[in-house]
Every structure is written in structure tokens, then in C-alpha cells.
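> Following this line is coords23.cif, made up of mmCIF, N, CA and C atoms:
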```
data_final
#
loop_
_atom_site.label_atom_id
_atom_site.label_comp_id
_atom_site.auth_asym_id
_atom_site.auth_seq_id
_atom_site.Cartn_x
_atom_site.Cartn_y
_atom_site.Cartn_z
N MET A 1 -24.33 31.16 2.58
CA MET A 1 -24.53 30.29 1.44
C MET A 1 -24.10 28.87 1.82
N ARG A 2 -25.02 27.94 1.70
CA ARG A 2 -24.74 26.55 2.04
C ARG A 2 -24.31 25.79 0.81
N MET A 3 -23.28 24.96 1.01
CA MET A 3 -22.84 24.09 -0.08
C MET A 3 -23.42 22.71 0.13
N ILE A 4 -23.90 22.15 -0.92
CA ILE A 4 -24.42 20.79 -0.86
C ILE A 4 -23.46 19.91 -1.65
N LEU A 5 -22.91 18.93 -0.97
CA LEU A 5 -21.99 18.01 -1.62
C LEU A 5 -22.76 16.81 -2.15
N ILE A 6 -22.59 16.55 -3.41
CA ILE A 6 -23.24 15.41 -4.04
C ILE A 6 -22.16 14.37 -4.34
N PRO A 7 -22.27 13.19 -3.75
CA PRO A 7 -21.24 12.19 -4.00
C PRO A 7 -21.28 11.70 -5.44
N LEU A 8 -20.10 11.35 -5.93
CA LEU A 8 -19.99 10.84 -7.29
C LEU A 8 -20.54 9.41 -7.30
N GLN A 9 -21.55 9.20 -8.08
CA GLN A 9 -22.15 7.88 -8.18
C GLN A 9 -22.36 7.55 -9.65
N LEU A 10 -22.20 6.28 -9.93
CA LEU A 10 -22.48 5.82 -11.28
C LEU A 10 -23.97 5.56 -11.41
N SER A 11 -24.46 5.75 -12.58
CA SER A 11 -25.88 5.48 -12.79
C SER A 11 -26.12 3.98 -12.63
N PRO A 12 -27.33 3.60 -12.25
CA PRO A 12 -27.61 2.17 -12.09
C PRO A 12 -27.36 1.39 -13.38
N LYS A 13 -27.58 2.02 -14.51
CA LYS A 13 -27.35 1.35 -15.79
C LYS A 13 -25.86 1.06 -15.97
N ARG A 14 -25.01 2.04 -15.68
CA ARG A 14 -23.56 1.89 -15.83
C ARG A 14 -22.99 0.93 -14.78
N ARG A 15 -23.51 0.98 -13.55
CA ARG A 15 -23.02 0.13 -12.47
C ARG A 15 -23.30 -1.34 -12.76
N GLY A 16 -24.41 -1.61 -13.42
CA GLY A 16 -24.79 -3.00 -13.71
C GLY A 16 -24.01 -3.62 -14.85
N ILE A 17 -23.39 -2.80 -15.66
CA ILE A 17 -22.65 -3.33 -16.81
C ILE A 17 -21.31 -3.87 -16.33
N LYS A 18 -21.02 -5.11 -16.70
CA LYS A 18 -19.73 -5.69 -16.38
C LYS A 18 -18.86 -5.57 -17.61
N ASP A 19 -17.72 -4.94 -17.41
CA ASP A 19 -16.81 -4.73 -18.52
C ASP A 19 -16.05 -6.02 -18.77
N THR A 20 -16.27 -6.62 -19.92
CA THR A 20 -15.61 -7.89 -20.23
C THR A 20 -14.16 -7.67 -20.64
N ARG A 21 -13.78 -6.41 -20.91
CA ARG A 21 -12.41 -6.13 -21.30
C ARG A 21 -11.49 -5.97 -20.10
N SER A 22 -12.03 -5.84 -18.90
CA SER A 22 -11.18 -5.63 -17.72
C SER A 22 -10.51 -6.93 -17.28
N TRP A 23 -9.36 -6.79 -16.70
CA TRP A 23 -8.59 -7.93 -16.23
C TRP A 23 -9.10 -8.38 -14.88
N ALA A 24 -8.69 -9.56 -14.47
CA ALA A 24 -9.14 -10.10 -13.19
C ALA A 24 -8.63 -9.24 -12.04
N SER A 25 -7.41 -8.71 -12.15
CA SER A 25 -6.88 -7.86 -11.08
C SER A 25 -7.70 -6.59 -10.93
N GLU A 26 -8.15 -6.01 -12.04
CA GLU A 26 -8.98 -4.81 -11.96
C GLU A 26 -10.32 -5.11 -11.33
N THR A 27 -10.90 -6.23 -11.71
CA THR A 27 -12.19 -6.62 -11.14
C THR A 27 -12.07 -6.85 -9.64
N PHE A 28 -10.98 -7.52 -9.22
CA PHE A 28 -10.76 -7.78 -7.80
C PHE A 28 -10.56 -6.47 -7.04
N THR A 29 -9.77 -5.56 -7.61
CA THR A 29 -9.50 -4.29 -6.95
C THR A 29 -10.77 -3.46 -6.81
N LEU A 30 -11.56 -3.39 -7.85
CA LEU A 30 -12.81 -2.63 -7.78
C LEU A 30 -13.78 -3.24 -6.78
N GLY A 31 -13.88 -4.57 -6.78
CA GLY A 31 -14.77 -5.24 -5.82
C GLY A 31 -14.32 -5.04 -4.38
N SER A 32 -13.01 -5.13 -4.15
CA SER A 32 -12.48 -4.91 -2.80
C SER A 32 -12.69 -3.47 -2.36
N GLY A 33 -12.49 -2.54 -3.28
CA GLY A 33 -12.70 -1.14 -2.94
C GLY A 33 -14.14 -0.84 -2.60
N ARG A 34 -15.04 -1.38 -3.35
CA ARG A 34 -16.48 -1.18 -3.06
C ARG A 34 -16.84 -1.78 -1.71
N PHE A 35 -16.27 -2.97 -1.41
CA PHE A 35 -16.57 -3.62 -0.13
C PHE A 35 -16.02 -2.80 1.03
N LEU A 36 -14.75 -2.37 0.93
CA LEU A 36 -14.13 -1.61 2.02
C LEU A 36 -14.79 -0.27 2.23
N LEU A 37 -15.13 0.42 1.15
CA LEU A 37 -15.74 1.72 1.29
C LEU A 37 -17.21 1.65 1.70
N GLY A 38 -17.84 0.54 1.43
CA GLY A 38 -19.26 0.42 1.72
C GLY A 38 -19.60 -0.20 3.06
N ASN A 39 -18.61 -0.78 3.73
CA ASN A 39 -18.89 -1.49 4.97
C ASN A 39 -18.11 -0.86 6.11
N LYS A 40 -18.81 -0.44 7.14
CA LYS A 40 -18.19 0.23 8.29
C LYS A 40 -17.22 -0.70 9.01
N TYR A 41 -17.60 -1.94 9.22
CA TYR A 41 -16.75 -2.88 9.95
C TYR A 41 -15.51 -3.26 9.14
N ALA A 42 -15.63 -3.31 7.84
CA ALA A 42 -14.47 -3.61 6.99
C ALA A 42 -13.47 -2.46 7.05
N ARG A 43 -13.96 -1.23 7.06
CA ARG A 43 -13.06 -0.07 7.18
C ARG A 43 -12.35 -0.08 8.53
N THR A 44 -13.08 -0.38 9.59
CA THR A 44 -12.47 -0.43 10.93
C THR A 44 -11.42 -1.52 10.99
N PHE A 45 -11.73 -2.69 10.45
CA PHE A 45 -10.76 -3.79 10.44
C PHE A 45 -9.52 -3.41 9.63
N ALA A 46 -9.71 -2.81 8.46
CA ALA A 46 -8.57 -2.43 7.61
C ALA A 46 -7.70 -1.39 8.32
N PHE A 47 -8.31 -0.47 9.03
CA PHE A 47 -7.54 0.55 9.75
C PHE A 47 -6.67 -0.09 10.83
N PHE A 48 -7.27 -0.91 11.69
CA PHE A 48 -6.49 -1.52 12.77
C PHE A 48 -5.50 -2.55 12.25
N TYR A 49 -5.83 -3.23 11.17
CA TYR A 49 -4.90 -4.17 10.55
C TYR A 49 -3.66 -3.43 10.04
N THR A 50 -3.87 -2.27 9.43
CA THR A 50 -2.75 -1.47 8.94
C THR A 50 -1.89 -0.96 10.09
N ILE A 51 -2.52 -0.49 11.15
CA ILE A 51 -1.78 -0.04 12.33
C ILE A 51 -0.99 -1.20 12.93
N GLY A 52 -1.61 -2.37 13.02
CA GLY A 52 -0.93 -3.54 13.56
C GLY A 52 0.27 -3.95 12.72
N LEU A 53 0.14 -3.90 11.40
CA LEU A 53 1.27 -4.23 10.54
C LEU A 53 2.42 -3.24 10.71
N HIS A 54 2.10 -1.96 10.86
CA HIS A 54 3.15 -0.97 11.08
C HIS A 54 3.88 -1.23 12.40
N ILE A 55 3.14 -1.54 13.44
CA ILE A 55 3.77 -1.84 14.73
C ILE A 55 4.66 -3.07 14.61
N LEU A 56 4.20 -4.09 13.91
CA LEU A 56 4.99 -5.30 13.72
C LEU A 56 6.29 -5.01 12.96
N VAL A 57 6.21 -4.23 11.89
CA VAL A 57 7.40 -3.92 11.09
C VAL A 57 8.39 -3.10 11.90
N PHE A 58 7.92 -2.07 12.61
CA PHE A 58 8.83 -1.25 13.39
C PHE A 58 9.45 -2.03 14.54
N THR A 59 8.69 -2.93 15.14
CA THR A 59 9.25 -3.77 16.20
C THR A 59 10.33 -4.69 15.66
N CYS A 60 10.09 -5.31 14.52
CA CYS A 60 11.09 -6.19 13.91
C CYS A 60 12.33 -5.40 13.52
N LEU A 61 12.17 -4.22 12.94
CA LEU A 61 13.33 -3.40 12.59
C LEU A 61 14.13 -3.00 13.82
N TYR A 62 13.44 -2.66 14.90
CA TYR A 62 14.12 -2.29 16.14
C TYR A 62 14.91 -3.47 16.70
N ARG A 63 14.29 -4.64 16.71
CA ARG A 63 14.98 -5.82 17.25
C ARG A 63 16.18 -6.20 16.41
N VAL A 64 16.05 -6.14 15.10
CA VAL A 64 17.17 -6.49 14.21
C VAL A 64 18.31 -5.51 14.42
N SER A 65 18.00 -4.22 14.51
CA SER A 65 19.07 -3.24 14.70
C SER A 65 19.72 -3.40 16.08
N ALA A 66 18.94 -3.71 17.11
CA ALA A 66 19.50 -3.90 18.45
C ALA A 66 20.39 -5.15 18.48
N LEU A 67 19.94 -6.24 17.86
CA LEU A 67 20.75 -7.46 17.84
C LEU A 67 22.01 -7.26 17.00
N SER A 68 21.91 -6.51 15.93
CA SER A 68 23.07 -6.23 15.11
C SER A 68 24.08 -5.41 15.89
N TYR A 69 23.61 -4.45 16.65
CA TYR A 69 24.50 -3.61 17.45
C TYR A 69 25.20 -4.44 18.51
N LEU A 70 24.45 -5.34 19.15
CA LEU A 70 25.04 -6.15 20.22
C LEU A 70 26.02 -7.17 19.68
N SER A 71 25.77 -7.71 18.49
CA SER A 71 26.65 -8.76 17.97
C SER A 71 27.92 -8.18 17.36
N HIS A 72 27.85 -7.01 16.75
CA HIS A 72 29.01 -6.42 16.10
C HIS A 72 29.67 -5.35 16.94
N GLY A 73 29.02 -4.89 17.94
CA GLY A 73 29.55 -3.79 18.72
C GLY A 73 29.32 -2.48 18.00
N SER A 74 29.67 -1.43 18.67
CA SER A 74 29.47 -0.13 18.04
C SER A 74 30.56 0.11 17.01
N GLU A 75 30.29 0.97 16.07
CA GLU A 75 31.26 1.28 15.02
C GLU A 75 32.45 2.05 15.59
N GLU A 76 32.19 2.97 16.50
CA GLU A 76 33.26 3.73 17.12
C GLU A 76 33.59 3.12 18.47
N PRO A 77 34.84 2.80 18.69
CA PRO A 77 35.18 2.19 19.98
C PRO A 77 35.04 3.21 21.11
N LEU A 78 34.61 2.73 22.23
CA LEU A 78 34.49 3.58 23.39
C LEU A 78 35.88 3.82 23.97
N VAL A 79 36.00 4.80 24.83
CA VAL A 79 37.29 5.08 25.45
C VAL A 79 37.64 3.89 26.34
N VAL A 80 38.78 3.29 26.05
CA VAL A 80 39.18 2.11 26.78
C VAL A 80 40.42 2.45 27.62
N GLU A 81 40.33 2.16 28.88
CA GLU A 81 41.48 2.38 29.75
C GLU A 81 42.37 1.15 29.69
N LYS A 82 43.63 1.38 29.49
CA LYS A 82 44.58 0.27 29.45
C LYS A 82 45.17 0.11 30.85
N ASN A 83 44.50 -0.64 31.63
CA ASN A 83 44.94 -0.88 33.00
C ASN A 83 45.38 -2.34 33.08
N LEU A 84 46.60 -2.59 32.68
CA LEU A 84 47.13 -3.94 32.71
C LEU A 84 47.98 -4.10 33.96
N ASN A 85 47.69 -5.04 34.76
CA ASN A 85 48.45 -5.28 35.97
C ASN A 85 49.64 -6.18 35.67
N LEU A 86 50.63 -5.59 35.03
CA LEU A 86 51.84 -6.34 34.69
C LEU A 86 52.85 -6.16 35.82
N PRO A 87 53.65 -7.19 36.03
CA PRO A 87 54.68 -7.04 37.07
C PRO A 87 55.75 -6.02 36.62
N ARG A 88 56.23 -5.27 37.59
CA ARG A 88 57.23 -4.25 37.30
C ARG A 88 58.62 -4.87 37.26
N ARG A 89 59.45 -4.36 36.39
CA ARG A 89 60.84 -4.79 36.33
C ARG A 89 61.69 -3.77 37.06
N HIS A 90 62.60 -4.22 37.87
CA HIS A 90 63.48 -3.31 38.59
C HIS A 90 64.81 -3.29 37.96
#
```
Let me see the file written as C-alpha cells.

Amino acid sequence: MRMILIPLQLSPKRRGIKDTRSWASETFTLGSGRFLLGNKYARTFAFFYTIGLHILVFTCLYRVSALSYLSHGSEEPLVVEKNLNLPRRH
């Protein structure tokens, strides 16, 4: 038994109607979504842009944590040998 998937589409009549009650943010979001989902190159750009932003954030977090560690030192002191070359008293 074969399944046929029918994508959800609005009728041309409904798609052409502009809802005057919607806010500018909703209109922008819907327009951006239609553009990203409808354009192959826009989807590819959005994918690599998202990957690039993640790499940038993780790199910045790594550098900040490394610089913080170097400037403050570790929380637990390492084993320190007290080898002081003091003159002996007789």
C-alpha cells in the first residue's frame, strides 16, 4: 500500500487575501518563512549561517574561559614544593 503525501497548501483565494489585522512582525515573519522555505539557495545560506554563528559563539566562549583561567589561575592550587634556599644557622 503506497502512501501519497499531500502538502498543506492554502487555496489561491486565501493566499491572496492580506489580513489587515496582522501586525508588521507577523507579516515579516510569514514573508521570511515563505522566502526561506521556497528558495533552495536561501535555505542553504541560512543553514551555513547558523553553523557559522554556532562556531563563532563556541570559539568566543572557549577563548573567554581560557583567558579567565590564565588570568585568575586555577581554583585549586597545584601541589607546590617549598624549596627555599635559605642559609642554615649553626
> Have a look at atom N of A:Phe47 and atom C of A:Phe35 and let me know their distance in Å, one decimal.
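Computing the Euclidean distance for atom N of A:Phe47 and atom C of A:Phe35 yields 11.4 Å.
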> One decimal, Å: what's the distance from atom C of A:Ser71 over to atom C of A:Val57, could you say?
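Taking atom C of A:Ser71 and atom C of A:Val57, their separation equals 20.9 Å.
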> Go ahead and compute the interatomic distance for atom N of A:Gly33 and atom CA of A:Phe45, in Å to one decimal.
13.9 Å
